[in-house]
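Have a look at final33.cif; it's mmCIF, C-alpha atoms:
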data_structure
loop_
_atom_site.label_atom_id
_atom_site.label_comp_id
_atom_site.auth_asym_id
_atom_site.auth_seq_id
_atom_site.Cartn_x
_atom_site.Cartn_y
_atom_site.Cartn_z
CA MET A 928 139.91 102.91 9.82
CA HIS A 929 137.24 100.40 10.80
CA VAL A 930 138.09 97.59 13.24
CA THR A 931 135.64 94.91 14.40
CA ALA A 932 135.87 91.64 16.33
CA HIS A 933 133.50 88.70 15.74
CA LEU A 934 133.40 85.64 18.01
CA ASP A 935 132.40 82.17 16.97
CA LEU A 936 130.80 81.80 20.43
CA ASP A 937 129.90 84.91 22.42
CA VAL A 938 128.13 82.89 25.14
CA VAL A 939 130.06 80.62 27.54
CA PRO A 940 128.80 78.39 30.39
CA VAL A 941 129.48 79.45 33.94
CA ASP A 942 132.22 77.56 35.83
CA GLN A 943 133.23 75.56 32.72
CA ASP A 944 136.44 75.74 30.69
CA ASP A 945 135.84 76.82 27.11
CA GLU A 946 137.50 78.45 24.11
CA VAL A 947 136.44 81.12 21.65
CA THR A 948 137.75 82.01 18.22
CA VAL A 949 137.90 85.70 17.30
CA LEU A 950 137.89 87.05 13.75
CA VAL A 951 139.29 90.59 13.62
CA ARG A 952 138.48 92.64 10.51
CA ILE A 953 140.48 95.77 9.75
CA THR A 954 139.28 97.85 6.80
CA ALA A 955 141.45 100.64 5.44
CA PRO A 956 139.70 103.72 4.07
CA GLU A 957 139.58 104.85 0.47
CA PRO A 958 141.25 108.26 0.04
CA GLU A 959 139.21 111.23 -1.07
CA PRO A 960 139.20 111.56 -4.89
CA SER A 961 140.70 115.02 -4.62
CA ALA A 962 143.46 113.97 -2.24
CA GLY A 963 146.94 113.98 -3.71
CA ARG A 964 149.23 110.99 -3.31
CA PRO A 965 152.21 111.61 -1.04
CA PRO A 966 155.63 110.81 -2.51
CA ALA A 967 156.50 107.10 -2.38
CA THR A 968 159.89 105.49 -1.78
CA LEU A 969 160.78 102.25 -3.57
CA GLN A 970 164.15 100.60 -3.09
CA ILE A 971 165.03 97.64 -5.31
CA VAL A 972 167.72 95.12 -4.31
CA LEU A 973 168.48 92.94 -7.32
CA ASP A 974 170.52 89.74 -7.58
CA ARG A 975 172.96 90.01 -10.50
CA SER A 976 174.86 86.79 -9.75
CA GLY A 977 175.85 84.45 -12.58
CA SER A 978 172.68 82.37 -12.37
CA MET A 979 170.59 85.43 -13.32
CA GLY A 980 172.09 85.31 -16.81
CA ARG A 981 169.55 82.76 -18.13
CA GLY A 982 167.08 85.40 -19.33
CA ARG A 983 166.07 86.36 -15.80
CA LEU A 984 168.12 89.54 -15.62
CA ASP A 985 166.62 90.65 -18.95
CA GLY A 986 163.12 90.18 -17.50
CA ALA A 987 164.04 92.09 -14.35
CA ARG A 988 165.47 94.95 -16.39
CA ARG A 989 162.23 95.23 -18.39
CA ALA A 990 160.12 95.22 -15.23
CA LEU A 991 162.28 97.84 -13.48
CA THR A 992 162.24 100.11 -16.54
CA ALA A 993 158.42 99.92 -16.49
CA LEU A 994 158.49 100.85 -12.78
CA VAL A 995 160.54 103.95 -13.50
CA ASP A 996 158.05 105.02 -16.16
CA ARG A 997 155.14 104.76 -13.69
CA LEU A 998 156.75 106.63 -10.80
CA ASP A 999 156.49 110.41 -10.50
CA PRO A 1000 159.62 112.59 -10.49
CA VAL A 1001 158.97 113.42 -6.81
CA ASP A 1002 158.92 109.73 -5.85
CA ASN A 1003 162.10 108.24 -4.45
CA PHE A 1004 163.65 105.33 -6.33
CA GLY A 1005 166.85 103.45 -5.66
CA LEU A 1006 168.58 100.36 -7.06
CA VAL A 1007 171.21 98.23 -5.34
CA SER A 1008 172.49 95.14 -7.16
CA PHE A 1009 174.68 92.37 -5.82
CA ASP A 1010 176.70 89.33 -6.75
CA ASP A 1011 179.68 88.67 -4.45
CA THR A 1012 179.60 92.40 -3.61
CA ALA A 1013 176.86 95.01 -3.36
CA ARG A 1014 176.77 98.04 -5.64
CA VAL A 1015 174.58 101.17 -5.65
CA ASP A 1016 173.48 101.51 -9.28
CA VAL A 1017 170.86 104.23 -8.69
CA PRO A 1018 171.28 106.21 -5.46
CA ALA A 1019 167.92 106.40 -3.67
CA GLY A 1020 166.29 109.79 -4.15
CA PRO A 1021 163.75 111.75 -6.19
CA LEU A 1022 163.36 110.30 -9.68
CA ALA A 1023 164.06 113.54 -11.53
CA ASP A 1024 166.46 111.86 -13.98
CA LYS A 1025 164.44 108.95 -15.35
CA ARG A 1026 166.73 108.59 -18.36
CA GLY A 1027 169.74 108.13 -16.09
CA ALA A 1028 167.92 105.54 -13.98
CA LYS A 1029 166.93 103.58 -17.08
CA HIS A 1030 170.50 103.71 -18.36
CA ALA A 1031 171.77 102.25 -15.07
CA ILE A 1032 169.16 99.48 -15.25
CA ALA A 1033 170.11 98.65 -18.85
CA ALA A 1034 173.79 98.42 -17.87
CA LEU A 1035 173.22 95.57 -15.38
CA ARG A 1036 175.15 92.40 -16.23
CA PRO A 1037 175.37 89.01 -14.44
CA GLY A 1038 178.42 88.50 -12.26
CA GLY A 1039 179.65 86.01 -9.68
CA SER A 1040 178.30 84.41 -6.48
CA THR A 1041 175.40 85.50 -4.23
CA ASP A 1042 176.16 87.77 -1.26
CA LEU A 1043 172.50 88.43 -0.53
CA SER A 1044 173.18 89.93 2.90
CA SER A 1045 175.39 92.69 1.50
CA GLY A 1046 172.73 93.62 -1.03
CA LEU A 1047 169.94 93.60 1.55
CA LEU A 1048 171.86 95.65 4.13
CA ARG A 1049 173.05 98.18 1.56
CA GLY A 1050 169.51 98.50 0.22
CA ILE A 1051 168.16 99.12 3.72
CA GLN A 1052 170.73 101.88 4.21
CA GLU A 1053 169.67 103.54 0.96
CA ALA A 1054 165.97 103.25 1.79
CA HIS A 1055 166.49 104.87 5.20
CA ARG A 1056 168.51 107.69 3.68
CA ALA A 1057 165.84 108.59 1.13
CA ALA A 1058 162.63 107.95 3.04
CA ASN A 1059 163.04 110.22 6.07
CA ASP A 1060 159.87 109.80 8.16
CA ARG A 1061 157.59 108.68 5.34
CA GLY A 1062 158.71 105.08 5.27
CA ALA A 1063 159.79 103.00 2.30
CA THR A 1064 159.19 99.72 0.52
CA LEU A 1065 162.15 97.50 -0.30
CA LEU A 1066 161.84 94.66 -2.82
CA LEU A 1067 164.55 91.99 -2.80
CA ILE A 1068 164.75 89.92 -6.02
CA SER A 1069 166.92 86.79 -6.14
CA ASP A 1070 167.04 83.45 -7.94
CA GLY A 1071 169.55 81.61 -5.77
CA HIS A 1072 170.82 80.62 -2.35
CA ALA A 1073 172.84 83.06 -0.27
CA ASN A 1074 176.33 81.52 -0.39
CA VAL A 1075 178.55 84.46 0.62
CA GLY A 1076 178.35 86.75 3.63
CA VAL A 1077 175.56 86.26 6.20
CA THR A 1078 173.46 83.25 5.16
CA ASP A 1079 171.51 82.48 8.34
CA PRO A 1080 167.76 83.11 7.77
CA GLY A 1081 167.24 84.19 11.38
CA ARG A 1082 169.91 86.88 11.23
CA LEU A 1083 168.67 88.23 7.91
CA ALA A 1084 165.09 88.23 9.20
CA MET A 1085 166.27 90.25 12.21
CA ALA A 1086 167.90 92.79 9.88
CA ALA A 1087 164.61 93.16 8.00
CA MET A 1088 162.72 93.43 11.29
CA ALA A 1089 165.02 96.19 12.52
CA ALA A 1090 164.49 98.04 9.25
CA HIS A 1091 160.72 97.70 9.61
CA ARG A 1092 160.85 99.28 13.05
CA GLN A 1093 162.35 102.31 11.33
CA GLY A 1094 159.75 102.46 8.58
CA VAL A 1095 161.12 100.20 5.82
CA SER A 1096 158.92 97.24 4.88
CA THR A 1097 160.66 94.44 2.96
CA SER A 1098 159.14 92.09 0.39
CA THR A 1099 160.95 89.32 -1.49
CA LEU A 1100 160.57 87.82 -4.94
CA GLY A 1101 162.03 84.35 -5.42
CA TYR A 1102 162.85 83.85 -9.09
CA GLY A 1103 162.91 80.37 -10.67
CA LEU A 1104 163.05 77.03 -8.84
CA ASP A 1105 166.48 77.10 -7.20
CA TYR A 1106 166.19 79.88 -4.64
CA ASP A 1107 165.90 79.27 -0.89
CA GLU A 1108 162.20 79.80 -0.20
CA GLY A 1109 162.65 79.45 3.56
CA LEU A 1110 165.21 82.24 3.59
CA MET A 1111 163.15 84.55 1.39
CA ALA A 1112 159.99 83.99 3.46
CA ALA A 1113 161.91 84.68 6.68
CA ILE A 1114 163.15 88.02 5.34
CA ALA A 1115 159.65 88.99 4.16
CA ASP A 1116 158.17 88.10 7.55
CA GLY A 1117 160.83 90.08 9.36
CA GLY A 1118 160.11 93.05 7.12
CA ALA A 1119 156.28 92.68 7.36
CA GLY A 1120 156.10 92.33 3.58
CA SER A 1121 155.19 89.78 0.93
CA ALA A 1122 157.02 86.59 -0.09
CA LEU A 1123 156.45 86.21 -3.84
CA HIS A 1124 157.37 83.43 -6.26
CA ALA A 1125 157.82 83.67 -10.01
CA GLU A 1126 159.11 80.93 -12.26
CA ASP A 1127 159.43 82.98 -15.47
CA PRO A 1128 160.22 86.58 -16.46
CA ASP A 1129 156.63 87.45 -17.41
CA THR A 1130 155.28 86.40 -14.01
CA ALA A 1131 158.13 88.20 -12.27
CA GLY A 1132 157.24 91.38 -14.15
CA GLN A 1133 153.59 91.10 -13.14
CA LEU A 1134 154.46 90.60 -9.47
CA ILE A 1135 156.98 93.45 -9.44
CA ALA A 1136 154.32 95.71 -10.96
CA GLY A 1137 151.86 94.49 -8.33
CA GLU A 1138 154.21 95.55 -5.54
CA LEU A 1139 154.33 99.02 -7.07
CA ASP A 1140 150.53 99.05 -7.29
CA GLY A 1141 150.42 98.40 -3.56
CA LEU A 1142 153.02 101.02 -2.74
CA LEU A 1143 151.11 103.69 -4.66
CA ALA A 1144 147.82 102.69 -2.98
CA LYS A 1145 149.24 102.54 0.56
CA VAL A 1146 147.17 104.53 3.08
CA THR A 1147 148.63 103.27 6.36
CA GLN A 1148 152.02 102.00 7.48
CA ALA A 1149 153.63 100.51 10.58
CA ALA A 1150 150.36 98.80 11.52
CA SER A 1151 150.27 96.43 14.48
CA LEU A 1152 147.68 94.60 16.55
CA THR A 1153 148.23 93.99 20.27
CA ILE A 1154 146.10 91.30 21.92
CA THR A 1155 145.97 91.62 25.72
CA PRO A 1156 144.15 88.78 27.50
CA HIS A 1157 142.21 89.63 30.66
CA PRO A 1158 141.93 87.22 33.60
CA PRO A 1159 141.05 84.42 33.66
CA VAL A 1160 142.07 83.89 29.99
CA SER A 1161 145.24 81.83 30.06
CA SER A 1162 146.29 81.38 26.45
CA VAL A 1163 146.18 83.19 23.09
CA LEU A 1164 146.83 81.45 19.76
CA LEU A 1165 147.43 83.62 16.70
CA TYR A 1166 146.71 81.94 13.36
CA GLY A 1167 148.61 82.47 10.12
CA GLY A 1168 152.16 82.62 11.45
CA LEU A 1169 152.10 86.42 11.59
CA PRO A 1170 155.33 88.02 12.78
CA SER A 1171 154.68 88.66 16.46
CA ALA A 1172 156.27 89.17 19.84
CA ARG A 1173 155.15 88.40 23.38
CA LEU A 1174 154.98 91.41 25.64
CA PRO A 1175 155.19 91.54 29.45
CA GLY A 1176 151.94 90.41 31.04
CA GLY A 1177 151.08 87.88 28.35
CA ALA A 1178 150.06 90.26 25.54
CA ILE A 1179 150.95 89.46 21.94
CA MET A 1180 151.87 92.15 19.39
CA ALA A 1181 151.45 91.14 15.73
CA GLU A 1182 153.09 93.14 12.96
CA LEU A 1183 150.70 93.81 10.07
CA GLY A 1184 152.88 96.00 7.86
CA ASP A 1185 151.16 98.36 5.42
CA LEU A 1186 147.50 98.52 4.43
CA TYR A 1187 146.26 99.56 1.00
CA ALA A 1188 143.23 101.69 0.18
CA GLY A 1189 140.05 99.63 0.58
CA GLU A 1190 141.87 96.59 1.96
CA THR A 1191 140.11 94.42 4.54
CA ARG A 1192 142.65 92.44 6.55
CA LYS A 1193 141.49 89.41 8.53
CA ILE A 1194 143.29 88.23 11.66
CA LEU A 1195 142.18 85.10 13.48
CA LEU A 1196 142.99 84.20 17.08
CA ARG A 1197 141.81 81.71 19.68
CA LEU A 1198 141.39 82.39 23.39
CA LEU A 1199 141.35 79.60 25.96
CA VAL A 1200 138.85 80.65 28.65
CA PRO A 1201 138.99 78.87 32.04
CA GLY A 1202 135.72 78.58 33.93
CA ILE A 1203 134.31 81.99 34.93
CA SER A 1204 132.39 81.88 38.20
CA ARG A 1205 130.15 84.94 37.78
CA LEU A 1206 127.26 85.48 35.41
CA GLY A 1207 126.93 88.38 32.99
CA VAL A 1208 129.10 90.10 30.41
CA VAL A 1209 132.84 89.68 30.98
CA THR A 1210 135.64 91.27 28.94
CA ILE A 1211 138.18 88.54 28.23
CA ALA A 1212 140.65 90.47 26.04
CA GLU A 1213 141.45 93.86 24.58
CA LEU A 1214 142.57 94.49 21.00
CA VAL A 1215 144.64 97.59 20.27
CA PHE A 1216 145.25 98.43 16.61
CA THR A 1217 147.95 101.05 15.99
CA TYR A 1218 148.94 102.57 12.66
CA VAL A 1219 150.39 105.64 10.94
CA ALA A 1220 148.39 107.43 8.24
CA THR A 1221 150.64 107.69 5.18
CA GLU A 1222 149.40 111.07 4.01
CA THR A 1223 149.77 112.96 7.30
CA LEU A 1224 152.22 110.72 9.20
CA THR A 1225 149.85 110.90 12.15
CA SER A 1226 149.69 107.95 14.56
CA TYR A 1227 146.31 106.52 15.52
CA THR A 1228 145.07 103.85 17.91
CA VAL A 1229 141.80 101.92 17.82
CA THR A 1230 140.79 99.85 20.87
CA VAL A 1231 138.21 97.05 20.70
CA PRO A 1232 137.15 94.97 23.74
CA VAL A 1233 136.40 91.25 23.36
CA SER A 1234 133.55 90.21 25.66
CA VAL A 1235 131.47 87.10 26.32
CA ASN A 1236 128.20 86.59 28.13
CA VAL A 1237 128.53 84.03 30.95
CA VAL A 1238 125.26 82.10 31.37
CA PRO A 1239 124.06 78.93 33.15
CA GLY A 1240 125.17 75.69 31.53
CA ASP A 1241 121.70 74.67 30.30
CA GLU A 1242 121.29 78.01 28.55
CA ALA A 1243 124.74 77.78 26.93
CA ALA A 1244 123.91 74.32 25.58
CA GLY A 1245 121.63 75.86 22.97
CA ARG A 1246 124.18 78.32 21.55
CA ALA A 1247 124.97 78.32 17.83
CA PRO A 1248 128.43 79.23 16.49
CA ASP A 1249 129.05 82.04 14.02
CA LEU A 1250 129.65 80.13 10.78
CA THR A 1251 131.70 82.91 9.22
CA VAL A 1252 134.24 82.67 12.02
CA ARG A 1253 134.27 78.87 11.93
CA ALA A 1254 134.81 78.93 8.16
CA GLU A 1255 137.73 81.33 8.60
CA ARG A 1256 139.28 78.87 11.04
CA LEU A 1257 139.04 76.13 8.40
CA PHE A 1258 140.64 78.46 5.87
CA GLN A 1259 143.52 79.33 8.19
CA GLN A 1260 144.11 75.68 9.07
CA ALA A 1261 144.41 74.94 5.35
CA GLN A 1262 147.01 77.69 5.01
CA ASP A 1263 149.00 76.18 7.87
CA ALA A 1264 148.94 72.85 6.00
CA LYS A 1265 150.58 74.54 2.99
CA ARG A 1266 153.36 75.84 5.19
CA GLN A 1267 153.86 72.44 6.81
CA ALA A 1268 153.92 70.75 3.40
CA SER A 1269 156.50 73.20 2.07
CA ASP A 1270 158.71 72.55 5.10
CA ALA A 1271 158.34 68.79 4.61
CA LEU A 1272 159.26 69.04 0.92
CA LEU A 1273 162.34 71.10 1.80
CA ARG A 1274 163.37 68.18 4.04
CA GLY A 1275 162.66 65.72 1.23
CA ASP A 1276 159.72 64.16 3.09
CA VAL A 1277 157.27 63.88 0.20
CA ALA A 1278 155.02 61.39 1.99
CA ARG A 1279 154.51 63.78 4.90
CA ALA A 1280 153.71 66.64 2.53
CA GLU A 1281 151.11 64.56 0.68
CA GLU A 1282 149.53 63.46 3.96
CA VAL A 1283 149.26 67.02 5.31
CA LEU A 1284 147.82 68.41 2.07
CA GLU A 1285 145.26 65.65 1.54
CA SER A 1286 144.14 65.75 5.17
CA ALA A 1287 143.64 69.52 5.01
CA GLY A 1288 141.67 69.13 1.79
CA ARG A 1289 139.35 66.58 3.39
CA GLU A 1290 138.74 68.84 6.38
CA LEU A 1291 137.85 71.74 4.11
CA GLU A 1292 135.44 69.56 2.15
CA LYS A 1293 133.48 68.94 5.34
CA GLY A 1294 132.71 72.65 5.55
CA LEU A 1295 131.53 73.18 1.98
CA SER A 1296 127.90 72.38 2.88
CA TRP A 1297 127.63 75.15 5.50
CA ALA A 1298 130.42 77.69 5.02
CA PRO A 1299 129.30 81.16 3.85
CA ASN A 1300 132.45 81.34 1.71
CA ALA A 1301 132.07 77.85 0.22
CA GLU A 1302 133.34 79.01 -3.18
CA GLU A 1303 136.59 80.27 -1.67
CA LEU A 1304 137.02 77.08 0.35
CA SER A 1305 136.30 74.95 -2.71
CA ALA A 1306 139.12 76.69 -4.58
CA GLU A 1307 141.40 75.94 -1.63
CA VAL A 1308 140.39 72.25 -1.76
CA ARG A 1309 141.32 72.05 -5.43
CA GLU A 1310 144.65 73.77 -4.78
CA LEU A 1311 145.55 71.44 -1.89
CA HIS A 1312 144.76 68.34 -3.93
CA ARG A 1313 146.79 69.64 -6.90
CA TYR A 1314 149.76 70.25 -4.64
CA ALA A 1315 149.43 66.75 -3.18
CA ARG A 1316 149.31 65.11 -6.61
CA ALA A 1317 152.27 67.08 -7.93
CA SER A 1318 154.53 66.69 -4.87
CA PRO A 1319 156.17 63.35 -5.81
CA MET A 1320 157.07 64.53 -9.33
CA ASP A 1321 157.72 68.24 -8.84
CA ARG A 1322 158.95 68.75 -5.31
CA LYS A 1323 160.80 72.04 -5.88
CA ARG A 1324 157.93 73.77 -7.61
CA VAL A 1325 155.26 72.64 -5.14
CA SER A 1326 157.38 73.67 -2.16
CA LYS A 1327 157.79 77.18 -3.53
CA GLU A 1328 154.22 77.58 -4.77
CA ALA A 1329 152.68 76.26 -1.55
CA LEU A 1330 154.80 78.61 0.56
CA ALA A 1331 153.98 81.60 -1.66
CA SER A 1332 150.27 80.69 -1.55
CA TRP A 1333 150.38 80.46 2.26
CA HIS A 1334 152.08 83.83 2.51
CA ARG A 1335 149.68 85.49 0.06
CA ALA A 1336 146.60 84.14 1.85
CA THR A 1337 147.75 85.08 5.34
CA ARG A 1338 149.35 88.47 4.51
CA LYS A 1339 147.67 89.86 1.37
CA ARG A 1340 144.21 88.32 1.34
CA GLY A 1341 141.57 91.03 1.37
CA ARG A 1342 143.44 93.53 -0.76
CA PRO A 1343 141.46 94.92 -3.70
CA PRO A 1344 142.21 92.74 -6.76
CA ARG A 1345 144.56 94.18 -9.34
CA PRO A 1346 145.55 92.51 -12.62
CA SER A 1347 149.18 92.41 -11.57
CA GLU A 1348 148.32 90.88 -8.20
CA ALA A 1349 146.50 87.86 -9.60
CA SER A 1350 147.80 84.41 -8.78
CA PRO A 1351 149.95 83.53 -11.79
CA ASP A 1352 151.96 81.04 -9.75
CA ALA A 1353 148.97 78.83 -8.87
CA PRO A 1354 149.46 75.32 -10.22
CA SER A 1355 147.36 74.23 -13.16
CA ASP A 1356 145.60 70.97 -13.72
CA ASP A 1357 148.19 70.05 -16.35
CA PRO A 1358 150.79 67.42 -15.46
CA PRO A 1359 154.04 68.86 -14.07
CA ASN A 1360 156.93 69.13 -16.51
CA GLY A 1361 159.46 67.47 -14.29
CA HIS A 1362 161.61 70.34 -13.04
#
Produce C-alpha cells that represent the structure in this file.
Amino acid sequence: MHVTAHLDLDVVPVDQDDEVTVLVRITAPEPEPSAGRPPATLQIVLDRSGSMGRGRLDGARRALTALVDRLDPVDNFGLVSFDDTARVDVPAGPLADKRGAKHAIAALRPGGSTDLSSGLLRGIQEAHRAANDRGATLLLISDGHANVGVTDPGRLAMAAMAAHRQGVSTSTLGYGLDYDEGLMAAIADGGAGSALHAEDPDTAGQLIAGELDGLLAKVTQAASLTITPHPPVSSVLLYGGLPSARLPGGAIMAELGDLYAGETRKILLRLLVPGISRLGVVTIAELVFTYVATETLTSYTVTVPVSVNVVPGDEAAGRAPDLTVRAERLFQQAQDAKRQASDALLRGDVARAEEVLESAGRELEKGLSWAPNAEELSAEVRELHRYARASPMDRKRVSKEALASWHRATRKRGRPPRPSEASPDAPSDDPPNGH
C-alpha cells in the first residue's frame, strides 16, 4: 500500500495566519498473478414490492442469475427479498447449489408495500452469519420509498454503519425515478459503499455486475484515514462528504471502505494554520491510514506526517502553489455543487439548483487554462451545465443523477475502469423526455 501527501503550499510565512490544502493519494497494490482469490461474500437485499412489477424485477432476476454464474462454489451468496415483510430466499453460504439459487431467484414475484428496514436488517444478519472474519458486501436494490417499518434515513444509516464496523460494507442501487435518493445515499455512506442509480433494467444489470467486479477485485477492507492536527493548527476541513467522526483531541477519522486492486483513492483536506512564530520545518498534522488485507486478514497501519517550511514573509511571497492540488480542490468543489443541487431539487427549489450548478461550472472553466487534468475538468463543466439546463424540465432525474455522480466521484474515482462500471447514468445532450 502506497500513501503520499501533497500540499498546495508547503511554505508558509512566519507569524502569519495561512491555510494549506492537502491531497492524499492511497494506491492499493495489484495481487501477484499466482495468488489465489480468497472466497468472497455477497449478500443481496432486493425490493419485491408491487412497484417492482413494471419490468424491473425481471431485470433484477436476470442480473442476479448472471452473478450466480460468475461466483465460485466456495464464494458465499445470499438473497433476502422484501415487500411489507422480509424473506430469506437464499440463505447466505457457499454457493455449492447454483441451480437451487437460480430457482429461488426465478421464483421472485412482486408483492405489497416497502418495508426496506426489515430487508436491510435481515440482510445484514445473513451477511454476518456467512462472512465470519472475512467481511462481506451487501447490495440493497430498491425502486421506491420506505413506507413501512423504520423510514428515518439517519437510523438506517446508523444500522449500515454498525454493520460496517463488523466487516459488512453496504452499497445501494436506486432503481427508476421514484426512489428516495437521500435515503439510499445515507445508507451507502453509513455502510462505506456506493450509491448507484439506474433508470432501466439494462443499466441496473451493468451496475450490479460492476459491484461484483469490485468485490472480486477487493484487496483491502475496513480502510480508514485518521487526520490528527498538531498545534497550532486549529481546524481541519474534509472534502467530499466522506463518512467521518471527530475523535478526542480534534482528530478526524474518515471511513474509506474497501479498496480494489490497482485503485488510487484521492482524499482532499484543508488545514487552517495560525501564525507560527519559529522558522524551519514544522509538522502540522499526522495522517494514519489503517486497513485489513483481504487475503491474509492482517491489519496494517501507514503513518505520513504533513509538514511545512516556515520562512520569512518576503521569502514566502514568491511561493508557487502545486497546480495538481489546486485542480483537485476545484474538482471537489464541483462535486459539492452536485450534492447541493440534488438537495435543492428534492426541496423543489429548481432556481437554487440551477444557480449552484452554473456557478460551479463557471468556476471550473477558470481552471481549464492551467489545470493538469483539464480534460477531466472540462467533462465536469459539460456535466454541470447539462444538469442545470435539464433541472426545470426533469427535476427527478437530475436530482438522482447528480447525487449518483457526486457519490461516484468522491467514493469510486480512481478505481481501474471496467465496462460494467462506466457511467451509463450520465445525462446526454438530448432533450429530457419529461419524466
Problem - Test item: residues at most 7 Å from region 1172-1184 of chain A, all atoms listed in the file, excluding those fewer than 4 positions along its chain, as a list of chain:residue names - result: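 My reading of the contact set: A:Ser1096, A:Ala1119, A:Gly1120, A:Gln1148, A:Ala1149, A:Ala1150, A:Ser1151, A:Leu1152, A:Thr1153, A:Ile1154, A:Thr1155, A:Pro1156.
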Around (172.2, 102.1, -2.2), as given in the file, which residues come within 12 Å? Count only C-alpha atoms and list them as a PDB file with C-alpha atoms, in the coordinates of the input.
ATOM      1  CA  LEU A 969     160.780 102.250  -3.570  1.00  0.00           C
ATOM      2  CA  GLN A 970     164.150 100.600  -3.090  1.00  0.00           C
ATOM      3  CA  ILE A 971     165.030  97.640  -5.310  1.00  0.00           C
ATOM      4  CA  VAL A 972     167.720  95.120  -4.310  1.00  0.00           C
ATOM      5  CA  LEU A 973     168.480  92.940  -7.320  1.00  0.00           C
ATOM      6  CA  PHE A1004     163.650 105.330  -6.330  1.00  0.00           C
ATOM      7  CA  GLY A1005     166.850 103.450  -5.660  1.00  0.00           C
ATOM      8  CA  LEU A1006     168.580 100.360  -7.060  1.00  0.00           C
ATOM      9  CA  VAL A1007     171.210  98.230  -5.340  1.00  0.00           C
ATOM     10  CA  SER A1008     172.490  95.140  -7.160  1.00  0.00           C
ATOM     11  CA  PHE A1009     174.680  92.370  -5.820  1.00  0.00           C
ATOM     12  CA  ALA A1013     176.860  95.010  -3.360  1.00  0.00           C
ATOM     13  CA  ARG A1014     176.770  98.040  -5.640  1.00  0.00           C
ATOM     14  CA  VAL A1015     174.580 101.170  -5.650  1.00  0.00           C
ATOM     15  CA  ASP A1016     173.480 101.510  -9.280  1.00  0.00           C
ATOM     16  CA  VAL A1017     170.860 104.230  -8.690  1.00  0.00           C
ATOM     17  CA  PRO A1018     171.280 106.210  -5.460  1.00  0.00           C
ATOM     18  CA  ALA A1019     167.920 106.400  -3.670  1.00  0.00           C
ATOM     19  CA  GLY A1020     166.290 109.790  -4.150  1.00  0.00           C
ATOM     20  CA  SER A1045     175.390  92.690   1.500  1.00  0.00           C
ATOM     21  CA  GLY A1046     172.730  93.620  -1.030  1.00  0.00           C
ATOM     22  CA  LEU A1047     169.940  93.600   1.550  1.00  0.00           C
ATOM     23  CA  LEU A1048     171.860  95.650   4.130  1.00  0.00           C
ATOM     24  CA  ARG A1049     173.050  98.180   1.560  1.00  0.00           C
ATOM     25  CA  GLY A1050     169.510  98.500   0.220  1.00  0.00           C
ATOM     26  CA  ILE A1051     168.160  99.120   3.720  1.00  0.00           C
ATOM     27  CA  GLN A1052     170.730 101.880   4.210  1.00  0.00           C
ATOM     28  CA  GLU A1053     169.670 103.540   0.960  1.00  0.00           C
ATOM     29  CA  ALA A1054     165.970 103.250   1.790  1.00  0.00           C
ATOM     30  CA  HIS A1055     166.490 104.870   5.200  1.00  0.00           C
ATOM     31  CA  ARG A1056     168.510 107.690   3.680  1.00  0.00           C
ATOM     32  CA  ALA A1057     165.840 108.590   1.130  1.00  0.00           C
ATOM     33  CA  LEU A1065     162.150  97.500  -0.300  1.00  0.00           C
TER      34      LEU A1065
END
Practice task
For the structure shown, which residues end up in the PyMOL selection byres ((chain A and resi 1223-1230) around 9)? Put them as number ranges by chain, please?
Solution key: A: 928-930, 965, 1060-1061, 1147-1148, 1213-1222, 1231-1232
Given the selection you just returned, output its residues as a file containing C-alpha atoms, formatted as a tab-separated table (two decimals), in the coordinates of the input.
chain	number	residue	atom	x	y	z
A	928	MET	CA	139.91	102.91	9.82
A	929	HIS	CA	137.24	100.40	10.80
A	930	VAL	CA	138.09	97.59	13.24
A	965	PRO	CA	152.21	111.61	-1.04
A	1060	ASP	CA	159.87	109.80	8.16
A	1061	ARG	CA	157.59	108.68	5.34
A	1147	THR	CA	148.63	103.27	6.36
A	1148	GLN	CA	152.02	102.00	7.48
A	1213	GLU	CA	141.45	93.86	24.58
A	1214	LEU	CA	142.57	94.49	21.00
A	1215	VAL	CA	144.64	97.59	20.27
A	1216	PHE	CA	145.25	98.43	16.61
A	1217	THR	CA	147.95	101.05	15.99
A	1218	TYR	CA	148.94	102.57	12.66
A	1219	VAL	CA	150.39	105.64	10.94
A	1220	ALA	CA	148.39	107.43	8.24
A	1221	THR	CA	150.64	107.69	5.18
A	1222	GLU	CA	149.40	111.07	4.01
A	1231	VAL	CA	138.21	97.05	20.70
A	1232	PRO	CA	137.15	94.97	23.74
Exercise for the section: Find, counting all atoms listed in the file, the residue in A:Leu1169, A:Ala1136, A:Ala1131, A:Leu1195 that gets nearest to Gly1117 (chain A). Expected result: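 Checking each of A:Leu1169, A:Ala1136, A:Ala1131, A:Leu1195 against Gly1117 (chain A), counting all atoms listed in the file, the winner is A:Leu1169.
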Practice task
Could you tell me which residues the PyMOL selection byres ((chain A and resi 1248) around 6) returns for this structure, as an MDAnalysis selection string?
Solution key: chainID A and resid 935:936 1247 1249:1250
Handout entry: Nearest residue to Ile1032 (chain A) from the set A:Ala1125, A:Ala990, A:Val1252, A:Leu1104 (distances using all atoms listed in the file)
Key =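 With all atoms listed in the file as the atom set, the closest residue is A:Ala990.
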Counting all atoms listed in the file, which residues come within 8 Å of (153.3, 80.2, -3.0), with the point read in the file's coordinates, and could you list them as an mmCIF file with C-alpha atoms, keeping the file's coordinate frame?
data_model
loop_
_atom_site.group_PDB
_atom_site.id
_atom_site.type_symbol
_atom_site.label_atom_id
_atom_site.label_comp_id
_atom_site.auth_asym_id
_atom_site.auth_seq_id
_atom_site.Cartn_x
_atom_site.Cartn_y
_atom_site.Cartn_z
ATOM 1 C CA ALA A 1122 157.020 86.590 -0.090
ATOM 2 C CA LEU A 1123 156.450 86.210 -3.840
ATOM 3 C CA HIS A 1124 157.370 83.430 -6.260
ATOM 4 C CA SER A 1326 157.380 73.670 -2.160
ATOM 5 C CA LYS A 1327 157.790 77.180 -3.530
ATOM 6 C CA GLU A 1328 154.220 77.580 -4.770
ATOM 7 C CA ALA A 1329 152.680 76.260 -1.550
ATOM 8 C CA LEU A 1330 154.800 78.610 0.560
ATOM 9 C CA ALA A 1331 153.980 81.600 -1.660
ATOM 10 C CA SER A 1332 150.270 80.690 -1.550
ATOM 11 C CA TRP A 1333 150.380 80.460 2.260
ATOM 12 C CA HIS A 1334 152.080 83.830 2.510
ATOM 13 C CA ARG A 1335 149.680 85.490 0.060
ATOM 14 C CA ASP A 1352 151.960 81.040 -9.750
ATOM 15 C CA ALA A 1353 148.970 78.830 -8.870
#
